[in-house]
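The data block below is my_file.tsv; it holds TSV, C-alpha atoms.
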```tsv
chain	number	residue	atom	x	y	z
A	1	MET	CA	91.25	84.91	166.94
A	2	GLY	CA	88.61	82.24	167.41
A	3	SER	CA	88.23	79.00	165.53
A	4	LEU	CA	88.10	79.06	161.76
A	5	GLU	CA	87.14	75.40	161.42
A	6	THR	CA	83.35	75.69	161.73
A	7	GLU	CA	81.47	76.02	158.46
A	8	ARG	CA	79.48	79.22	158.35
A	9	THR	CA	76.43	80.26	156.39
A	10	THR	CA	75.45	83.73	155.24
A	11	THR	CA	72.53	85.25	153.37
A	12	GLY	CA	72.99	87.22	150.18
A	13	TRP	CA	70.83	88.36	147.29
A	14	ALA	CA	71.29	86.11	144.29
A	15	ALA	CA	70.25	86.03	140.66
A	16	ARG	CA	68.75	82.62	139.80
A	17	ASP	CA	68.48	82.98	136.00
A	18	PRO	CA	69.19	85.45	133.16
A	19	SER	CA	66.25	87.65	134.20
A	20	GLY	CA	68.83	89.04	136.61
A	21	VAL	CA	66.24	89.42	139.37
A	22	LEU	CA	67.87	89.09	142.80
A	23	SER	CA	66.30	87.51	145.86
A	24	PRO	CA	67.47	86.21	149.27
A	25	TYR	CA	69.71	83.14	149.16
A	26	THR	CA	71.40	81.43	152.09
A	27	TYR	CA	74.60	79.49	151.41
A	28	SER	CA	77.69	78.10	153.09
A	29	LEU	CA	80.88	80.10	153.10
A	30	ARG	CA	83.89	78.20	151.87
A	31	SER	CA	86.19	76.52	154.35
A	32	THR	CA	88.55	79.03	155.88
A	33	GLY	CA	92.25	78.65	156.41
A	34	PRO	CA	95.27	80.27	158.05
A	35	GLU	CA	95.63	82.96	155.33
A	36	ASP	CA	91.95	83.93	155.38
A	37	VAL	CA	90.06	86.92	156.68
A	38	PHE	CA	86.41	86.69	157.75
A	39	VAL	CA	84.69	89.93	156.83
A	40	LYS	CA	81.28	91.28	157.84
A	41	VAL	CA	80.06	93.25	154.82
A	42	MET	CA	79.12	96.85	155.60
A	43	CYS	CA	78.37	98.10	152.09
A	44	CYS	CA	78.91	97.20	148.44
A	45	GLY	CA	78.84	99.28	145.27
A	46	ILE	CA	76.82	98.25	142.21
A	47	CYS	CA	78.93	98.11	139.04
A	48	HIS	CA	77.71	97.77	135.45
A	49	THR	CA	79.51	94.40	135.36
A	50	ASP	CA	77.13	93.14	138.05
A	51	LEU	CA	74.31	93.82	135.61
A	52	HIS	CA	76.14	92.03	132.76
A	53	GLN	CA	76.82	88.99	134.93
A	54	ALA	CA	73.38	88.74	136.54
A	55	LYS	CA	71.72	88.84	133.11
A	56	ASN	CA	74.26	86.51	131.45
A	57	ASP	CA	75.11	89.18	128.88
A	58	LEU	CA	78.56	87.64	128.47
A	59	GLY	CA	77.25	84.09	128.14
A	60	MET	CA	79.20	82.69	131.08
A	61	SER	CA	76.97	83.15	134.11
A	62	ASN	CA	76.38	80.42	136.66
A	63	TYR	CA	73.44	80.50	139.04
A	64	PRO	CA	72.60	81.05	141.83
A	65	MET	CA	74.91	84.10	141.70
A	66	VAL	CA	75.46	86.70	144.41
A	67	PRO	CA	77.04	89.69	142.64
A	68	GLY	CA	79.02	92.56	144.18
A	69	HIS	CA	82.73	93.35	143.93
A	70	GLU	CA	83.08	96.77	145.53
A	71	VAL	CA	82.96	95.50	149.09
A	72	VAL	CA	83.80	97.32	152.31
A	73	GLY	CA	83.51	95.49	155.60
A	74	GLU	CA	84.84	94.90	159.10
A	75	VAL	CA	87.26	92.12	159.97
A	76	LEU	CA	85.65	89.78	162.49
A	77	GLU	CA	88.29	87.06	162.53
A	78	VAL	CA	91.70	86.32	161.03
A	79	GLY	CA	93.62	83.13	160.30
A	80	SER	CA	96.77	82.15	162.17
A	81	ASP	CA	99.08	83.28	159.34
A	82	VAL	CA	97.35	86.59	158.64
A	83	SER	CA	99.82	89.40	159.28
A	84	LYS	CA	98.28	92.37	157.48
A	85	PHE	CA	94.94	92.64	159.30
A	86	ARG	CA	93.46	92.58	162.78
A	87	VAL	CA	89.95	92.16	164.14
A	88	GLY	CA	88.12	95.47	163.83
A	89	ASP	CA	89.98	96.71	160.76
A	90	ILE	CA	87.86	98.24	158.01
A	91	VAL	CA	88.86	96.56	154.75
A	92	GLY	CA	87.97	96.35	151.09
A	93	VAL	CA	87.56	93.47	148.63
A	94	GLY	CA	87.46	94.02	144.87
A	95	CYS	CA	86.98	91.94	141.71
A	96	ILE	CA	89.60	89.24	142.36
A	97	VAL	CA	89.94	86.77	145.24
A	98	GLY	CA	92.56	84.36	143.90
A	99	CYS	CA	95.43	83.86	141.43
A	100	CYS	CA	98.10	81.25	140.65
A	101	ARG	CA	100.95	83.28	142.28
A	102	ASN	CA	103.67	81.90	140.01
A	103	CYS	CA	103.07	83.32	136.51
A	104	ARG	CA	104.59	86.45	135.00
A	105	PRO	CA	101.64	88.72	135.88
A	106	CYS	CA	101.56	87.41	139.46
A	107	ASP	CA	105.33	87.81	139.84
A	108	SER	CA	105.15	91.43	138.67
A	109	ASP	CA	102.25	92.63	140.85
A	110	ASN	CA	99.80	92.39	137.97
A	111	GLU	CA	97.73	89.54	139.37
A	112	GLN	CA	94.57	90.91	137.75
A	113	TYR	CA	95.99	89.60	134.45
A	114	CYS	CA	96.72	86.10	135.78
A	115	LEU	CA	95.08	83.56	133.47
A	116	LYS	CA	94.03	81.55	136.51
A	117	LYS	CA	92.62	84.45	138.52
A	118	ILE	CA	89.52	83.75	140.57
A	119	TRP	CA	86.68	86.26	140.40
A	120	SER	CA	84.91	87.43	143.54
A	121	TYR	CA	81.73	85.82	142.25
A	122	ASN	CA	80.55	83.64	139.35
A	123	ASP	CA	83.69	81.55	139.66
A	124	VAL	CA	84.96	78.44	141.44
A	125	TYR	CA	87.44	78.67	144.31
A	126	THR	CA	90.38	76.31	144.77
A	127	ASP	CA	88.27	74.11	147.06
A	128	GLY	CA	85.70	73.55	144.30
A	129	ASN	CA	83.00	75.74	145.83
A	130	PRO	CA	81.46	78.66	143.95
A	131	THR	CA	82.57	82.17	144.84
A	132	GLN	CA	79.87	84.63	145.86
A	133	GLY	CA	80.13	88.40	146.07
A	134	GLY	CA	79.40	91.30	148.34
A	135	PHE	CA	75.61	91.57	148.16
A	136	ALA	CA	75.74	89.39	151.26
A	137	GLY	CA	76.20	89.50	154.99
A	138	SER	CA	79.77	88.20	155.04
A	139	MET	CA	82.68	86.84	153.00
A	140	VAL	CA	85.83	84.80	153.60
A	141	VAL	CA	88.76	86.14	151.57
A	142	ASP	CA	92.48	85.36	151.28
A	143	GLN	CA	94.45	88.19	152.89
A	144	LYS	CA	96.33	88.87	149.63
A	145	PHE	CA	93.08	90.15	148.10
A	146	VAL	CA	92.01	92.30	151.01
A	147	VAL	CA	93.06	95.93	151.33
A	148	LYS	CA	92.98	98.10	154.43
A	149	ILE	CA	90.85	101.22	154.12
A	150	PRO	CA	92.77	104.32	155.24
A	151	GLU	CA	91.50	105.76	158.51
A	152	GLY	CA	88.93	108.50	158.17
A	153	MET	CA	87.50	107.40	154.81
A	154	ALA	CA	83.75	106.71	154.89
A	155	PRO	CA	83.00	103.08	153.92
A	156	GLU	CA	80.17	103.94	151.52
A	157	GLN	CA	82.40	106.49	149.76
A	158	VAL	CA	85.26	104.01	149.44
A	159	ALA	CA	83.25	101.13	147.97
A	160	PRO	CA	83.16	102.43	144.35
A	161	LEU	CA	86.87	103.19	144.46
A	162	LEU	CA	87.63	99.45	144.70
A	163	CYS	CA	86.54	98.99	141.08
A	164	ALA	CA	85.66	102.34	139.46
A	165	GLY	CA	88.52	104.22	141.13
A	166	VAL	CA	91.30	101.74	140.43
A	167	THR	CA	90.01	101.15	136.88
A	168	VAL	CA	91.01	104.74	136.12
A	169	TYR	CA	94.08	104.95	138.35
A	170	SER	CA	95.75	101.82	136.98
A	171	PRO	CA	96.09	102.84	133.29
A	172	LEU	CA	97.18	106.36	134.22
A	173	ASN	CA	99.84	104.82	136.43
A	174	HIS	CA	100.93	102.08	134.01
A	175	PHE	CA	101.15	104.26	130.91
A	176	GLY	CA	103.05	107.06	132.65
A	177	LEU	CA	100.15	109.48	132.52
A	178	MET	CA	100.24	110.75	136.10
A	179	GLY	CA	102.29	113.91	135.52
A	180	SER	CA	100.62	117.30	135.72
A	181	GLY	CA	99.89	119.30	132.59
A	182	LEU	CA	98.55	116.44	130.46
A	183	ARG	CA	95.31	116.82	128.52
A	184	GLY	CA	92.96	113.90	129.01
A	185	GLY	CA	89.51	112.88	127.89
A	186	ILE	CA	86.94	110.86	129.82
A	187	LEU	CA	84.44	109.18	127.51
A	188	GLY	CA	81.22	108.39	129.35
A	189	LEU	CA	80.21	109.94	132.66
A	190	GLY	CA	79.00	107.06	134.79
A	191	GLY	CA	80.52	105.36	137.84
A	192	VAL	CA	83.99	104.92	136.32
A	193	GLY	CA	83.86	108.15	134.31
A	194	HIS	CA	83.05	110.44	137.22
A	195	MET	CA	85.97	109.01	139.20
A	196	GLY	CA	88.12	109.47	136.09
A	197	VAL	CA	87.39	113.18	136.10
A	198	LYS	CA	88.16	113.51	139.79
A	199	ILE	CA	91.37	111.47	139.75
A	200	ALA	CA	92.74	113.08	136.56
A	201	LYS	CA	91.99	116.56	137.88
A	202	ALA	CA	93.75	115.70	141.16
A	203	MET	CA	96.82	114.72	139.09
A	204	GLY	CA	96.83	118.17	137.51
A	205	HIS	CA	95.39	117.24	134.12
A	206	HIS	CA	93.22	119.37	131.85
A	207	VAL	CA	90.11	117.14	131.60
A	208	THR	CA	87.52	117.03	128.84
A	209	VAL	CA	84.36	114.99	129.36
A	210	ILE	CA	83.02	113.47	126.14
A	211	SER	CA	79.39	112.40	126.12
A	212	SER	CA	76.60	111.57	123.68
A	213	SER	CA	74.43	114.47	124.89
A	214	ASP	CA	74.70	117.68	126.91
A	215	LYS	CA	72.52	116.30	129.73
A	216	LYS	CA	75.45	116.04	132.14
A	217	LYS	CA	77.31	119.20	131.07
A	218	VAL	CA	76.51	121.27	134.16
A	219	GLU	CA	77.36	118.37	136.47
A	220	ALA	CA	80.63	117.67	134.68
A	221	LEU	CA	81.85	121.26	134.68
A	222	GLU	CA	80.44	122.59	137.94
A	223	HIS	CA	80.17	119.58	140.25
A	224	LEU	CA	83.03	117.37	139.09
A	225	GLY	CA	85.43	120.13	137.99
A	226	ALA	CA	86.00	119.13	134.35
A	227	ASP	CA	87.59	121.80	132.17
A	228	ASP	CA	85.69	121.13	128.94
A	229	TYR	CA	82.67	119.20	127.74
A	230	LEU	CA	82.28	117.74	124.26
A	231	VAL	CA	79.12	116.27	122.74
A	232	SER	CA	80.20	113.54	120.34
A	233	SER	CA	77.44	114.40	117.83
A	234	ASP	CA	78.56	118.05	117.65
A	235	ALA	CA	80.65	117.89	114.47
A	236	GLU	CA	81.98	121.41	114.84
A	237	GLY	CA	82.99	120.96	118.45
A	238	MET	CA	84.66	117.62	117.73
A	239	GLN	CA	86.54	119.16	114.80
A	240	LYS	CA	87.83	121.98	116.99
A	241	ALA	CA	89.04	119.48	119.57
A	242	ALA	CA	90.89	117.30	117.02
A	243	ASP	CA	94.50	116.47	117.84
A	244	SER	CA	94.24	117.89	121.37
A	245	LEU	CA	94.29	115.02	123.87
A	246	ASP	CA	97.14	112.91	125.25
A	247	TYR	CA	94.77	110.12	126.24
A	248	ILE	CA	91.12	109.15	126.42
A	249	ILE	CA	89.79	106.74	129.02
A	250	ASP	CA	86.82	105.09	127.33
A	251	THR	CA	84.41	103.90	130.01
A	252	VAL	CA	81.39	103.21	127.77
A	253	PRO	CA	80.12	99.63	128.39
A	254	VAL	CA	78.06	99.32	125.18
A	255	PHE	CA	78.90	99.27	121.46
A	256	HIS	CA	80.07	102.62	120.06
A	257	PRO	CA	82.24	103.79	117.14
A	258	LEU	CA	85.90	104.49	117.95
A	259	GLU	CA	86.87	106.72	115.02
A	260	PRO	CA	85.36	109.98	116.32
A	261	TYR	CA	87.45	109.67	119.46
A	262	LEU	CA	90.66	108.58	117.76
A	263	SER	CA	90.58	111.88	115.88
A	264	LEU	CA	90.78	113.77	119.18
A	265	LEU	CA	94.15	112.22	120.10
A	266	LYS	CA	97.53	113.88	119.58
A	267	LEU	CA	100.54	112.10	118.11
A	268	ASP	CA	101.17	108.97	120.21
A	269	GLY	CA	97.87	109.46	121.99
A	270	LYS	CA	96.19	106.52	123.69
A	271	LEU	CA	92.57	105.38	123.61
A	272	ILE	CA	92.24	103.21	126.71
A	273	LEU	CA	89.24	100.86	126.77
A	274	THR	CA	87.82	100.01	130.20
A	275	GLY	CA	84.18	99.11	129.46
A	276	VAL	CA	83.13	95.48	129.07
A	277	ILE	CA	81.53	95.16	125.61
A	278	ASN	CA	80.44	91.85	124.11
A	279	THR	CA	80.25	92.97	120.47
A	280	PRO	CA	83.22	93.76	118.17
A	281	LEU	CA	84.33	97.38	117.80
A	282	GLN	CA	85.53	98.80	114.48
A	283	PHE	CA	87.92	101.42	113.14
A	284	VAL	CA	89.85	102.07	109.92
A	285	THR	CA	93.59	101.65	110.28
A	286	PRO	CA	94.67	105.09	108.97
A	287	MET	CA	92.97	106.62	112.02
A	288	VAL	CA	95.61	104.88	114.12
A	289	MET	CA	98.55	104.88	111.70
A	290	LEU	CA	98.49	108.59	110.86
A	291	GLY	CA	99.41	109.70	114.35
A	292	ARG	CA	100.99	106.55	115.78
A	293	LYS	CA	98.01	106.25	118.07
A	294	SER	CA	97.27	103.30	120.31
A	295	ILE	CA	94.06	101.50	121.13
A	296	THR	CA	94.68	99.60	124.31
A	297	GLY	CA	92.79	98.19	127.24
A	298	SER	CA	93.13	98.11	130.99
A	299	PHE	CA	91.40	95.92	133.55
A	300	ILE	CA	90.81	97.13	137.12
A	301	GLY	CA	94.19	97.27	138.89
A	302	SER	CA	96.53	95.25	141.07
A	303	MET	CA	96.28	95.03	144.85
A	304	LYS	CA	99.36	97.26	145.02
A	305	GLU	CA	97.69	99.85	142.78
A	306	THR	CA	94.48	99.60	144.82
A	307	GLU	CA	96.41	100.51	147.98
A	308	GLU	CA	98.17	103.36	146.16
A	309	MET	CA	94.88	104.63	144.76
A	310	LEU	CA	93.19	104.62	148.16
A	311	ASN	CA	96.08	106.55	149.69
A	312	PHE	CA	96.00	109.00	146.75
A	313	CYS	CA	92.26	109.56	147.22
A	314	LYS	CA	92.75	110.06	150.97
A	315	GLU	CA	95.59	112.54	150.39
A	316	LYS	CA	93.60	114.48	147.77
A	317	ASN	CA	90.33	114.19	149.71
A	318	LEU	CA	88.60	112.54	146.74
A	319	THR	CA	85.21	110.91	147.22
A	320	SER	CA	82.76	109.22	144.90
A	321	MET	CA	79.28	110.63	144.23
A	322	ILE	CA	76.85	107.97	145.37
A	323	GLU	CA	73.26	107.07	146.07
A	324	VAL	CA	72.95	104.76	149.08
A	325	VAL	CA	70.15	102.16	148.95
A	326	LYS	CA	68.97	99.22	151.04
A	327	MET	CA	69.15	95.65	149.76
A	328	ASP	CA	65.38	95.46	149.15
A	329	TYR	CA	65.81	98.22	146.54
A	330	ILE	CA	68.52	96.39	144.63
A	331	ASN	CA	66.39	95.20	141.71
A	332	THR	CA	65.10	98.72	141.15
A	333	ALA	CA	68.67	100.02	141.39
A	334	MET	CA	69.81	97.51	138.75
A	335	GLU	CA	66.97	98.61	136.44
A	336	ARG	CA	67.93	102.24	136.94
A	337	LEU	CA	71.60	101.47	136.33
A	338	GLU	CA	70.68	99.84	133.03
A	339	LYS	CA	69.04	103.14	132.04
A	340	ASN	CA	72.03	105.12	133.30
A	341	ASP	CA	69.74	106.71	135.90
A	342	VAL	CA	72.20	107.15	138.75
A	343	ARG	CA	74.59	109.88	139.84
A	344	TYR	CA	77.03	108.17	139.77
A	345	ARG	CA	77.19	104.94	141.71
A	346	PHE	CA	74.68	102.99	143.76
A	347	VAL	CA	76.05	101.67	147.04
A	348	VAL	CA	74.07	99.08	148.99
A	349	ASP	CA	73.96	99.57	152.76
A	350	VAL	CA	74.30	95.86	153.42
A	351	ALA	CA	74.81	96.04	157.18
A	352	GLY	CA	71.70	98.23	157.54
A	353	SER	CA	69.50	95.93	155.45
A	354	LYS	CA	67.36	92.91	156.28
A	355	LEU	CA	68.88	90.30	154.01
A	356	ASP	CA	66.43	87.44	154.52
A	357	GLN	CA	63.25	89.15	153.30
```
Show me, as structure tokens, the structure contained in the file I just sent.
Amino acid sequence: MGSLETERTTTGWAARDPSGVLSPYTYSLRSTGPEDVFVKVMCCGICHTDLHQAKNDLGMSNYPMVPGHEVVGEVLEVGSDVSKFRVGDIVGVGCIVGCCRNCRPCDSDNEQYCLKKIWSYNDVYTDGNPTQGGFAGSMVVDQKFVVKIPEGMAPEQVAPLLCAGVTVYSPLNHFGLMGSGLRGGILGLGGVGHMGVKIAKAMGHHVTVISSSDKKKVEALEHLGADDYLVSSDAEGMQKAADSLDYIIDTVPVFHPLEPYLSLLKLDGKLILTGVINTPLQFVTPMVMLGRKSITGSFIGSMKETEEMLNFCKEKNLTSMIEVVKMDYINTAMERLEKNDVRYRFVVDVAGSKLDQ
């Protein structure tokens, strides 16, 4: 197992201010303990939240900040009380690396809703040191927040599943929307949205992609396997689709009106918000009342759901559509992500990159 007492350093790429520009940054890893796993990062997906955090869009960023919460790596060392993992295992780390373990959410396997949860980065760990994410050579993580990657799944394909994949899987699971024959909508076709199409189709749903333009129509229907495609500005098409969907997973991470989409829902339909938006959204109450519709939200998923989701994706042979880049391209990738210029998720090949230049 080796000694876990020696303080280690690693190099990551950190934002230093709200410009969001990342550059090499060497820092100490937190002290490790008997429940910890030392992970060499192989690759890490780039999520829209990384952009929000690096640029302080939510007004709560602390610098220097190493983003990245779709992490796949290899276990190099385990603590004396670690029972779930062995050296050499390929594992994943998502958005959360700590929780209180004694509140209602924690007791019910919903630790992502713990009020004392600790984020993978831009947070402070229990030892008082800042947490840093997966755009780095290595991480030390409590075994509770590490998940084993099923054998045979490619690391770079798995990385986006640890946030984008479980963000879709969790609400479908929680709200009882996993049965075949349902009619679902996916609003926004980015990293989360494209996995939404794939996962919902694999559950046997009729899937409609809803987008602001027809730019992604061919991709949605032919490459991702969606059944229908709606352009939100097409009044006639939206009218025809009224009262047709059991649910809509809204993945859009910027301000948008809700009323056009509420009209698409059937009686008791659900509009499920998953995009992080820092401005208030609006709707008129009759849009919800006259159909007993729900506007609700869902945030990533639990560790239990993450394991279930990975096994589901392995069983159904689901993969994410990605563009693999090196770390020295990360600032360009972030700029492109801001313009929605990626199909559909950037994944950084961390292990294959020179991190110190």
(message) From the options A:Asp214, A:Pro67, A:His48, A:Glu77, which residue's atoms come nearest to Asp341 of chain A, counting only C-alpha atoms?
(response)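 Result for the nearest residue to Asp341 of chain A: A:His48.
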Quick one: 6 Å padding each side, axis-aligned, all listed atoms of segment 59-67 of chain A - centre and edge lengths in Å to one decimal, as lines of an AutoDock Vina configuration file?
```
center_x = 75.9
center_y = 85.1
center_z = 136.3
size_x = 18.6
size_y = 21.3
size_z = 28.3
```
(message) Please determine, counting all atoms listed in the file, which residue among A:Glu74, A:Asp246, A:Glu236, A:Glu307 has the shortest atom-to-atom distance to Gly184 of chain A.
(response)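 Smallest distance to Gly184 of chain A is found for A:Asp246.
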(request) Using atom CA of Pro150 of chain A and atom CA of Ile90 of chain A as the two end points, give the distance in Å to one decimal. (result)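 Atom-to-atom, atom CA of Pro150 of chain A and atom CA of Ile90 of chain A are spaced 8.3 Å apart.
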(message) What does the structure give for the distance between atom CA of Pro64 of chain A and atom CA of Lys40 of chain A, in Å to one decimal?
(response) 20.9 Å
(message) So the first atom is atom CA of Asp81 of chain A and the second is atom CA of Val41 of chain A; what is the distance between them in Å, to one decimal place?
(response) 21.9 Å
Please report, as a Markdown table, each residue of segment 184-222 of chain A lying at most 10 Å from segment 270-288 of chain A, together with the nearest pair of atoms and the separation in Å rounded to one decimal; use all atoms listed in the file, and order rows by chain and ascending residue number.
```
| residue | atom | partner | partner_atom | distance |
| --- | --- | --- | --- | --- |
| A:Gly184 | CA | A:Lys270 | CA | 9.7 |
| A:Gly185 | CA | A:Leu271 | CA | 9.2 |
| A:Ile186 | CA | A:Ile272 | CA | 9.8 |
| A:Leu187 | CA | A:Leu273 | CA | 9.6 |
| A:Gly188 | CA | A:Gly275 | CA | 9.7 |
| A:Val192 | CA | A:Thr274 | CA | 8.7 |
| A:Gly193 | CA | A:Thr274 | CA | 9.9 |
```
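The shortest atom-to-atom distance to Asn110 of chain A, with only C-alpha atoms taken into account, belongs to A:His174 out of A:Lys198, A:His174, A:Arg183, A:Lys215.
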(request) Pick out the residues sitting within 6 Å of segment 128-135 of chain A, and hand them over as a list of chain:residue names; count all atoms listed in the file, and ignore anything fewer than 6 positions along from it in its own chain. (result) A:Gly12, A:Trp13, A:Cys44, A:Val66, A:Pro67, A:Gly68, A:His69, A:Val71, A:Ser120, A:Tyr121
(message) Which residues are near Gln143 of chain A? Cut-off 8 Å, all atoms listed in the file, ignore same chain within fewer than 6 positions. Put them as a ChimeraX atom specification.
(response) /A:35-37,82,84-85
(request) Return the single residue from A:Asp89, A:Glu70, A:Asp349, A:Asp57 that is closest to Pro253 of chain A, with distances computed using only C-alpha atoms. (result) A:Asp57
N, CA, C and O atoms are needed for segment 185-198 of chain A; please write them out as a compact mmCIF listing (two decimals), keeping the file's coordinate frame.
```
# COMPACT_ATOMS: atom_id res chain seq x y z
N GLY A 185 90.94 112.96 128.13
CA GLY A 185 89.51 112.88 127.89
C GLY A 185 88.90 111.73 128.66
O GLY A 185 89.52 110.67 128.81
N ILE A 186 87.70 111.92 129.17
CA ILE A 186 86.94 110.86 129.82
C ILE A 186 85.68 110.66 128.99
O ILE A 186 84.83 111.55 128.91
N LEU A 187 85.58 109.49 128.36
CA LEU A 187 84.44 109.18 127.51
C LEU A 187 83.42 108.40 128.31
O LEU A 187 83.68 107.27 128.73
N GLY A 188 82.27 109.01 128.55
CA GLY A 188 81.22 108.39 129.35
C GLY A 188 81.30 108.86 130.79
O GLY A 188 82.35 108.76 131.42
N LEU A 189 80.19 109.38 131.31
CA LEU A 189 80.21 109.94 132.66
C LEU A 189 79.30 109.14 133.58
O LEU A 189 78.25 109.60 134.00
N GLY A 190 79.71 107.91 133.84
CA GLY A 190 79.00 107.06 134.79
C GLY A 190 79.86 106.86 136.03
O GLY A 190 80.61 107.74 136.44
N GLY A 191 79.77 105.65 136.61
CA GLY A 191 80.52 105.36 137.84
C GLY A 191 82.02 105.47 137.66
O GLY A 191 82.71 106.12 138.45
N VAL A 192 82.54 104.85 136.60
CA VAL A 192 83.99 104.92 136.32
C VAL A 192 84.36 106.33 135.83
O VAL A 192 85.34 106.92 136.26
N GLY A 193 83.54 106.86 134.91
CA GLY A 193 83.86 108.15 134.31
C GLY A 193 83.94 109.28 135.32
O GLY A 193 84.84 110.13 135.25
N HIS A 194 83.02 109.33 136.26
CA HIS A 194 83.05 110.44 137.22
C HIS A 194 84.28 110.37 138.12
O HIS A 194 84.86 111.39 138.48
N MET A 195 84.73 109.13 138.44
CA MET A 195 85.97 109.01 139.20
C MET A 195 87.17 109.36 138.32
O MET A 195 88.18 109.89 138.80
N GLY A 196 87.06 109.08 137.02
CA GLY A 196 88.12 109.47 136.09
C GLY A 196 88.35 110.95 136.08
O GLY A 196 89.50 111.42 136.11
N VAL A 197 87.28 111.71 136.06
CA VAL A 197 87.39 113.18 136.10
C VAL A 197 88.08 113.61 137.39
O VAL A 197 89.03 114.40 137.38
N LYS A 198 87.62 113.09 138.50
CA LYS A 198 88.16 113.51 139.79
C LYS A 198 89.63 113.15 139.94
O LYS A 198 90.44 113.97 140.41
```
